[in-house]
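File shown: data.tsv (TSV, C-alpha atoms).
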chain	number	residue	atom	x	y	z
A	730	MET	CA	-120.69	110.42	-168.74
A	731	LYS	CA	-116.89	110.34	-168.59
A	732	ASP	CA	-117.07	108.52	-165.24
A	733	LEU	CA	-119.36	105.89	-166.79
A	734	LYS	CA	-116.96	105.30	-169.72
A	735	PHE	CA	-114.04	105.06	-167.32
A	736	THR	CA	-115.92	102.56	-165.16
A	737	ARG	CA	-116.76	100.42	-168.20
A	738	LEU	CA	-113.14	100.54	-169.37
A	739	LEU	CA	-111.92	99.54	-165.92
A	740	CYS	CA	-114.40	96.66	-165.75
A	741	GLY	CA	-113.28	95.51	-169.20
A	742	LEU	CA	-109.64	95.48	-168.16
A	743	ILE	CA	-110.43	93.53	-164.99
A	744	LEU	CA	-112.42	90.97	-167.00
A	745	LEU	CA	-109.58	90.62	-169.51
A	746	LEU	CA	-107.01	90.08	-166.77
A	747	ALA	CA	-109.25	87.53	-165.09
A	748	THR	CA	-109.60	85.67	-168.40
A	749	TRP	CA	-105.83	85.60	-168.93
A	750	ARG	CA	-105.32	84.43	-165.34
A	751	GLY	CA	-107.93	81.72	-165.75
A	752	ALA	CA	-106.34	80.46	-168.96
A	753	ASP	CA	-102.94	80.36	-167.26
A	754	VAL	CA	-104.31	78.38	-164.30
A	755	LEU	CA	-106.03	75.96	-166.69
A	756	ALA	CA	-102.79	75.44	-168.67
A	757	GLN	CA	-100.91	74.71	-165.43
A	758	ALA	CA	-103.62	72.29	-164.31
A	759	GLN	CA	-103.23	70.34	-167.56
A	760	LEU	CA	-99.50	69.77	-167.08
A	761	PRO	CA	-98.45	66.39	-165.67
A	762	SER	CA	-98.09	66.23	-161.92
A	763	ILE	CA	-94.71	64.81	-160.87
A	764	ASP	CA	-96.16	62.66	-158.10
A	765	GLY	CA	-95.13	59.12	-159.08
A	766	GLN	CA	-98.58	58.27	-160.44
A	767	ILE	CA	-99.55	58.27	-164.13
A	768	ALA	CA	-103.24	58.98	-164.58
A	769	ASP	CA	-105.23	58.37	-167.75
A	770	SER	CA	-104.71	61.21	-170.25
A	771	GLU	CA	-102.29	62.95	-167.86
A	772	TYR	CA	-99.65	63.17	-170.60
A	773	ALA	CA	-100.04	64.44	-174.14
A	774	HIS	CA	-98.35	61.36	-175.67
A	775	ARG	CA	-97.99	57.69	-174.78
A	776	TYR	CA	-96.02	54.81	-176.26
A	777	TRP	CA	-96.57	51.18	-175.28
A	778	ALA	CA	-93.46	49.06	-175.92
A	779	GLU	CA	-95.27	45.77	-176.38
A	780	ALA	CA	-92.04	43.80	-176.83
A	781	ILE	CA	-91.03	44.39	-173.19
A	782	GLY	CA	-94.30	45.54	-171.63
A	783	MET	CA	-93.10	49.04	-170.77
A	784	GLU	CA	-94.82	52.42	-171.09
A	785	LEU	CA	-93.35	55.81	-171.99
A	786	HIS	CA	-95.41	58.98	-171.48
A	787	TRP	CA	-94.36	62.53	-172.28
A	788	THR	CA	-95.54	66.13	-172.54
A	789	ILE	CA	-93.56	69.09	-173.88
A	790	GLU	CA	-94.37	72.52	-172.48
A	791	GLY	CA	-92.18	75.49	-173.35
A	792	GLU	CA	-88.54	74.60	-172.70
A	793	TYR	CA	-89.39	71.55	-170.58
A	794	ILE	CA	-90.29	67.91	-171.16
A	795	TYR	CA	-92.25	65.86	-168.62
A	796	ILE	CA	-91.58	62.11	-168.82
A	797	GLY	CA	-93.32	59.19	-167.18
A	798	LEU	CA	-92.01	55.60	-167.21
A	799	ARG	CA	-93.84	52.47	-166.11
A	800	GLY	CA	-92.31	48.98	-166.19
A	801	PRO	CA	-93.34	45.51	-164.98
A	802	THR	CA	-90.61	45.28	-162.35
A	803	LEU	CA	-89.63	46.20	-158.80
A	804	GLY	CA	-86.13	47.09	-160.00
A	805	TRP	CA	-84.84	49.95	-162.12
A	806	VAL	CA	-86.47	51.46	-165.20
A	807	SER	CA	-84.72	53.73	-167.68
A	808	VAL	CA	-85.05	55.82	-170.79
A	809	GLY	CA	-82.26	57.10	-173.03
A	810	TRP	CA	-82.07	58.94	-176.32
A	811	ASN	CA	-79.83	59.80	-179.23
A	812	PRO	CA	-76.90	57.36	-179.09
A	813	THR	CA	-74.10	58.44	-181.39
A	814	GLY	CA	-72.38	55.07	-181.63
A	815	ALA	CA	-73.07	51.35	-181.53
A	816	ILE	CA	-75.80	50.00	-179.24
A	817	LYS	CA	-76.10	52.82	-176.63
A	818	GLU	CA	-72.77	54.66	-176.89
A	819	GLY	CA	-73.16	58.43	-176.47
A	820	ALA	CA	-76.76	58.23	-175.28
A	821	ASP	CA	-78.28	60.47	-172.62
A	822	ILE	CA	-79.80	58.11	-170.02
A	823	ILE	CA	-82.04	58.53	-166.98
A	824	ILE	CA	-82.21	55.55	-164.58
A	825	GLY	CA	-84.34	55.25	-161.47
A	826	TYR	CA	-85.57	52.74	-158.91
A	827	LEU	CA	-87.31	52.69	-155.54
A	828	ARG	CA	-86.03	51.13	-152.34
A	829	GLY	CA	-88.01	51.31	-149.12
A	830	GLY	CA	-90.35	53.81	-150.74
A	831	GLU	CA	-87.47	56.20	-151.57
A	832	LEU	CA	-86.71	57.13	-155.18
A	833	PHE	CA	-83.14	56.94	-156.44
A	834	LEU	CA	-82.79	58.57	-159.86
A	835	GLN	CA	-79.70	59.81	-161.70
A	836	ASP	CA	-78.61	61.37	-164.97
A	837	TYR	CA	-76.17	59.15	-166.91
A	838	PHE	CA	-74.06	59.25	-170.08
A	839	ALA	CA	-73.22	56.09	-172.07
A	840	ASN	CA	-69.44	56.39	-172.31
A	841	THR	CA	-69.16	53.13	-174.33
A	842	SER	CA	-71.51	50.83	-176.19
A	843	ILE	CA	-72.07	48.68	-173.08
A	844	SER	CA	-71.41	50.97	-170.09
A	845	HIS	CA	-72.53	54.28	-168.64
A	846	LEU	CA	-71.28	56.78	-166.06
A	847	ASN	CA	-72.99	59.39	-163.92
A	848	ASP	CA	-72.86	62.86	-165.52
A	849	VAL	CA	-71.57	64.38	-162.28
A	850	SER	CA	-68.65	61.94	-162.12
A	851	LEU	CA	-67.67	63.04	-165.65
A	852	GLY	CA	-67.70	66.73	-164.74
A	853	GLY	CA	-71.25	67.42	-165.90
A	854	ARG	CA	-74.50	68.02	-164.00
A	855	ASP	CA	-77.52	66.05	-162.90
A	856	ASP	CA	-80.13	67.93	-164.95
A	857	VAL	CA	-83.28	66.29	-163.59
A	858	LEU	CA	-85.24	69.21	-162.14
A	859	GLU	CA	-87.87	67.23	-160.22
A	860	SER	CA	-88.83	63.58	-159.93
A	861	SER	CA	-91.07	61.15	-158.10
A	862	GLY	CA	-91.88	57.46	-158.19
A	863	SER	CA	-93.89	54.57	-156.80
A	864	GLU	CA	-93.97	50.79	-157.00
A	865	VAL	CA	-96.57	48.07	-156.58
A	866	ALA	CA	-95.60	44.56	-155.48
A	867	GLY	CA	-97.52	41.37	-156.12
A	868	ALA	CA	-98.14	38.97	-158.96
A	869	GLN	CA	-97.87	41.85	-161.44
A	870	PRO	CA	-95.14	44.15	-160.05
A	871	GLN	CA	-94.90	47.67	-161.37
A	872	THR	CA	-92.52	50.59	-161.00
A	873	THR	CA	-93.55	54.10	-162.04
A	874	ILE	CA	-91.17	57.04	-162.32
A	875	GLU	CA	-91.84	60.62	-163.43
A	876	PHE	CA	-89.39	63.47	-163.96
A	877	ARG	CA	-88.96	66.86	-165.63
A	878	ARG	CA	-85.94	68.34	-167.40
A	879	ARG	CA	-85.13	70.96	-170.00
A	880	LEU	CA	-85.21	70.06	-173.67
A	881	GLU	CA	-81.74	71.58	-173.99
A	882	THR	CA	-79.60	71.51	-170.84
A	883	ASN	CA	-76.33	72.82	-172.36
A	884	ASP	CA	-74.51	70.01	-170.54
A	885	LYS	CA	-72.05	68.26	-172.88
A	886	PHE	CA	-73.09	64.91	-171.40
A	887	ASP	CA	-76.77	65.45	-172.27
A	888	ARG	CA	-78.50	65.11	-175.64
A	889	PRO	CA	-81.05	67.78	-176.64
A	890	ILE	CA	-84.62	66.74	-177.36
A	891	ALA	CA	-85.44	68.41	-180.67
A	892	PRO	CA	-88.12	68.17	-183.38
A	893	GLY	CA	-87.81	65.21	-185.72
A	894	ALA	CA	-87.25	61.48	-185.29
A	895	GLN	CA	-84.95	60.50	-182.43
A	896	THR	CA	-83.65	57.12	-181.28
A	897	VAL	CA	-85.05	56.25	-177.84
A	898	LEU	CA	-83.86	53.39	-175.61
A	899	LEU	CA	-86.20	51.78	-173.07
A	900	ALA	CA	-85.12	49.15	-170.55
A	901	TYR	CA	-85.72	47.74	-167.08
A	902	SER	CA	-84.19	45.26	-164.64
A	903	PRO	CA	-85.38	43.32	-161.56
A	904	TYR	CA	-82.59	44.83	-159.45
A	905	ASP	CA	-82.44	48.00	-157.32
A	906	ASP	CA	-79.23	49.58	-158.54
A	907	PHE	CA	-77.83	51.59	-161.45
A	908	VAL	CA	-75.62	48.98	-163.09
A	909	SER	CA	-77.36	45.58	-163.30
A	910	TYR	CA	-77.74	44.18	-166.79
A	911	HIS	CA	-81.22	44.39	-168.30
A	912	GLY	CA	-80.91	41.26	-170.43
A	913	GLU	CA	-83.61	41.11	-173.10
A	914	LYS	CA	-85.78	43.66	-171.26
A	915	ARG	CA	-84.69	46.37	-173.65
A	916	THR	CA	-86.00	47.86	-176.86
A	917	VAL	CA	-85.25	50.70	-179.25
A	918	VAL	CA	-87.93	53.07	-180.52
A	919	THR	CA	-87.87	55.86	-183.08
A	920	ILE	CA	-89.92	58.73	-181.62
A	921	ASN	CA	-90.81	62.26	-182.62
A	922	PHE	CA	-91.32	63.83	-179.20
A	923	PHE	CA	-92.97	66.91	-180.67
A	924	ALA	CA	-95.32	65.25	-183.16
A	925	GLY	CA	-95.91	62.11	-181.10
A	926	GLY	CA	-95.15	59.48	-183.74
A	927	ALA	CA	-93.32	56.30	-182.65
A	928	GLN	CA	-92.03	53.13	-184.26
A	929	GLU	CA	-90.31	50.24	-182.49
A	930	ALA	CA	-86.95	49.38	-184.04
A	931	GLY	CA	-85.94	46.24	-182.12
A	932	LEU	CA	-83.39	45.17	-179.53
A	933	PHE	CA	-80.38	47.20	-180.62
A	934	ALA	CA	-79.92	50.75	-181.89
A	935	ARG	CA	-78.07	51.21	-185.16
A	936	PRO	CA	-74.99	53.45	-185.40
A	937	ARG	CA	-75.83	56.77	-187.02
A	938	ALA	CA	-73.47	58.05	-189.73
A	939	LEU	CA	-70.35	56.50	-188.24
A	940	GLY	CA	-67.08	56.55	-190.11
A	941	SER	CA	-64.82	53.47	-190.30
A	942	ASP	CA	-62.54	54.84	-187.56
A	943	GLN	CA	-65.50	55.36	-185.20
A	944	LEU	CA	-66.82	51.87	-185.90
A	945	LEU	CA	-63.37	50.39	-185.21
A	946	GLN	CA	-63.08	52.35	-181.98
A	947	SER	CA	-66.53	51.20	-180.78
A	948	TRP	CA	-65.69	47.60	-181.66
A	949	LEU	CA	-62.36	47.75	-179.84
A	950	TRP	CA	-63.97	49.25	-176.73
A	951	THR	CA	-66.56	46.45	-176.71
A	952	VAL	CA	-63.92	43.72	-177.13
A	953	LEU	CA	-61.56	45.19	-174.51
A	954	THR	CA	-64.39	45.61	-172.00
A	955	GLY	CA	-65.41	41.98	-172.53
A	956	ILE	CA	-61.83	40.77	-172.08
A	957	ALA	CA	-61.43	42.84	-168.91
A	958	MET	CA	-64.61	41.34	-167.45
A	959	ILE	CA	-63.49	37.77	-168.25
A	960	VAL	CA	-60.01	38.33	-166.77
A	961	GLY	CA	-61.47	39.98	-163.67
A	962	LEU	CA	-63.91	37.15	-163.03
A	963	SER	CA	-61.18	34.54	-163.59
A	964	VAL	CA	-58.81	36.23	-161.14
A	965	ALA	CA	-61.57	36.59	-158.55
A	966	TYR	CA	-62.39	32.90	-158.90
A	967	LEU	CA	-58.77	31.80	-158.52
A	968	LEU	CA	-58.16	34.07	-155.50
A	969	TRP	CA	-61.43	33.27	-153.76
A	970	PRO	CA	-60.75	32.32	-150.08
A	971	GLY	CA	-60.82	28.59	-149.49
A	972	LYS	CA	-60.23	27.75	-153.17
A	973	LYS	CA	-58.13	24.59	-153.50
A	974	THR	CA	-54.97	24.90	-155.56

Please rewrite the model in this file as structure tokens.
Amino acid sequence: MKDLKFTRLLCGLILLLATWRGADVLAQAQLPSIDGQIADSEYAHRYWAEAIGMELHWTIEGEYIYIGLRGPTLGWVSVGWNPTGAIKEGADIIIGYLRGGELFLQDYFANTSISHLNDVSLGGRDDVLESSGSEVAGAQPQTTIEFRRRLETNDKFDRPIAPGAQTVLLAYSPYDDFVSYHGEKRTVVTINFFAGGAQEAGLFARPRALGSDQLLQSWLWTVLTGIAMIVGLSVAYLLWPGKKT
């Protein structure tokens, strides 16, 4: 009798462990696959930026966020979030493109309202844990990029992804590099990554709770950068080989 009870108990434990294991395998199977392809219903949330024809997909699981981007281009696509200053200043930005079938993707920080630098060059880290991408040429070109990172990286050049509304920047360009200007192929969206709500805000992000000194500093950086670009282009034109005096 005791042997029978023990056998039943053992069988119950085995069945319980098998159930837990099965649930774990099912949960893993439902997570997005970072393979450069975005299947229907692969991600928990999707946002279609109609203004620029770009898609943002995401799933949060534990301490990680899985993100998929799809844009009508053969150049770079990008997503950024939580700028602290004018336009994109202070934002955490991921930019990627494909060349010859190879994905080039990097973690950036917007050091001014109109420029960005690689986190590694600033003394931070590239916190993209895994990534993949693909592109389709033709009359309707398309670039797809997927990546995974932690919600909180503890890198001072990254912005945490937390509950509540957050400012999200979406953009793309026809060029295969990390610096070409996107032109009007850019939009700003207010997104709650956890709840899934989204609302398009327009072309430019608004400064969030900036004091007068911060606004002045952002404005000066923008003006000085513009002046430097104009002076640089003028000097290059005047010194171009073969230019008549």

Residues near Lys817 (chain A), cut-off 8 Å, all atoms listed in the file, skip fewer than 6 positions along chain, as an MDAnalysis selection string: chainID A and resid 839 841:843 898 934

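Taking only C-alpha atoms into account, Gly867 (chain A) lies nearest to A:Leu803 out of the set A:Met958, A:Leu953, A:Leu803, A:Val849.
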
Interatomic distance between CA of Leu760 (chain A) and CA of Thr873 (chain A)? 17.5 Å

Can you pull out the residues contacting Ala930 (chain A)? Cut-off 12 Å, using only C-alpha atoms, and skip same-chain residues under 4 positions away; I want them as a list in words.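 So the residues in contact are Ala778, Glu779, Ala780, Gln895, Thr896, Val897, Leu898, Leu899, Arg915, Thr916, Val917, Val918, Thr919, Ile920, Ala934 and Arg935 of chain A.
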
Write out, as a PDB file, in the coordinates of the input, the residues just selected, with C-alpha atoms.
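Generated file (result-v6.pdb):
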ATOM      1  CA  ALA A 778     -93.460  49.060-175.920  1.00  0.00           C
ATOM      2  CA  GLU A 779     -95.270  45.770-176.380  1.00  0.00           C
ATOM      3  CA  ALA A 780     -92.040  43.800-176.830  1.00  0.00           C
ATOM      4  CA  GLN A 895     -84.950  60.500-182.430  1.00  0.00           C
ATOM      5  CA  THR A 896     -83.650  57.120-181.280  1.00  0.00           C
ATOM      6  CA  VAL A 897     -85.050  56.250-177.840  1.00  0.00           C
ATOM      7  CA  LEU A 898     -83.860  53.390-175.610  1.00  0.00           C
ATOM      8  CA  LEU A 899     -86.200  51.780-173.070  1.00  0.00           C
ATOM      9  CA  ARG A 915     -84.690  46.370-173.650  1.00  0.00           C
ATOM     10  CA  THR A 916     -86.000  47.860-176.860  1.00  0.00           C
ATOM     11  CA  VAL A 917     -85.250  50.700-179.250  1.00  0.00           C
ATOM     12  CA  VAL A 918     -87.930  53.070-180.520  1.00  0.00           C
ATOM     13  CA  THR A 919     -87.870  55.860-183.080  1.00  0.00           C
ATOM     14  CA  ILE A 920     -89.920  58.730-181.620  1.00  0.00           C
ATOM     15  CA  ALA A 934     -79.920  50.750-181.890  1.00  0.00           C
ATOM     16  CA  ARG A 935     -78.070  51.210-185.160  1.00  0.00           C
TER      17      ARG A 935
END

Taking all atoms listed in the file into account, name the residue in A:Asn921, A:Ser770, A:Gln928, A:Asn840 that is nearest to Phe886 (chain A).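 Closest to Phe886 (chain A), using all atoms listed in the file: A:Asn840.
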
What is the CA of Tyr910 (chain A)-CA of Pro812 (chain A) distance in Å, reported with one decimal? 18.0 Å

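Excluding Ser909 (chain A) and any residue on its chain fewer than 2 positions from it, the residues at most 12 Å away by all atoms listed in the file are Gly804, Trp805, Val806, Ser807, Ile824, Tyr826, Ile843, Ser844, His845, Ala900, Tyr901, Ser902, Pro903, Tyr904, Asp905, Asp906, Phe907, His911, Gly912 and Lys914 of chain A.
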
Size and centre in Å, one decimal, axis-aligned box, all listed region 782-790 of chain A atoms plus 3 Å per side, as lines of an AutoDock Vina configuration file:
center_x = -94.3
center_y = 59.0
center_z = -172.3
size_x = 8.4
size_y = 33.0
size_z = 9.1

Between CA of Arg879 (chain A) and CA of Gln766 (chain A), what distance in Å does the model show, to one decimal? 20.8 Å

Nearest to Gly862 (chain A) by atom-to-atom distance, counting all atoms listed in the file, from A:Leu880, A:Leu832, A:Ala820, A:Ile956: A:Leu832

Kindly indicate which residue among A:Gln835, A:Thr813, A:Gln871, A:Gln759 lies nearest to Asp855 (chain A), using all atoms listed in the file for the distances. A:Gln835

Judged by all atoms listed in the file, the minimum distance to Tyr837 (chain A) among A:Ser850, A:Ser963, A:Thr882, A:Thr872 is found for A:Ser850

Would you please work out which residue, of A:Gly893, A:Val865, A:Val960, A:Asp836, is nearest to Gly809 (chain A) when using only C-alpha atoms?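 Of A:Gly893, A:Val865, A:Val960, A:Asp836, the one nearest Gly809 (chain A), counting only C-alpha atoms, is A:Asp836.
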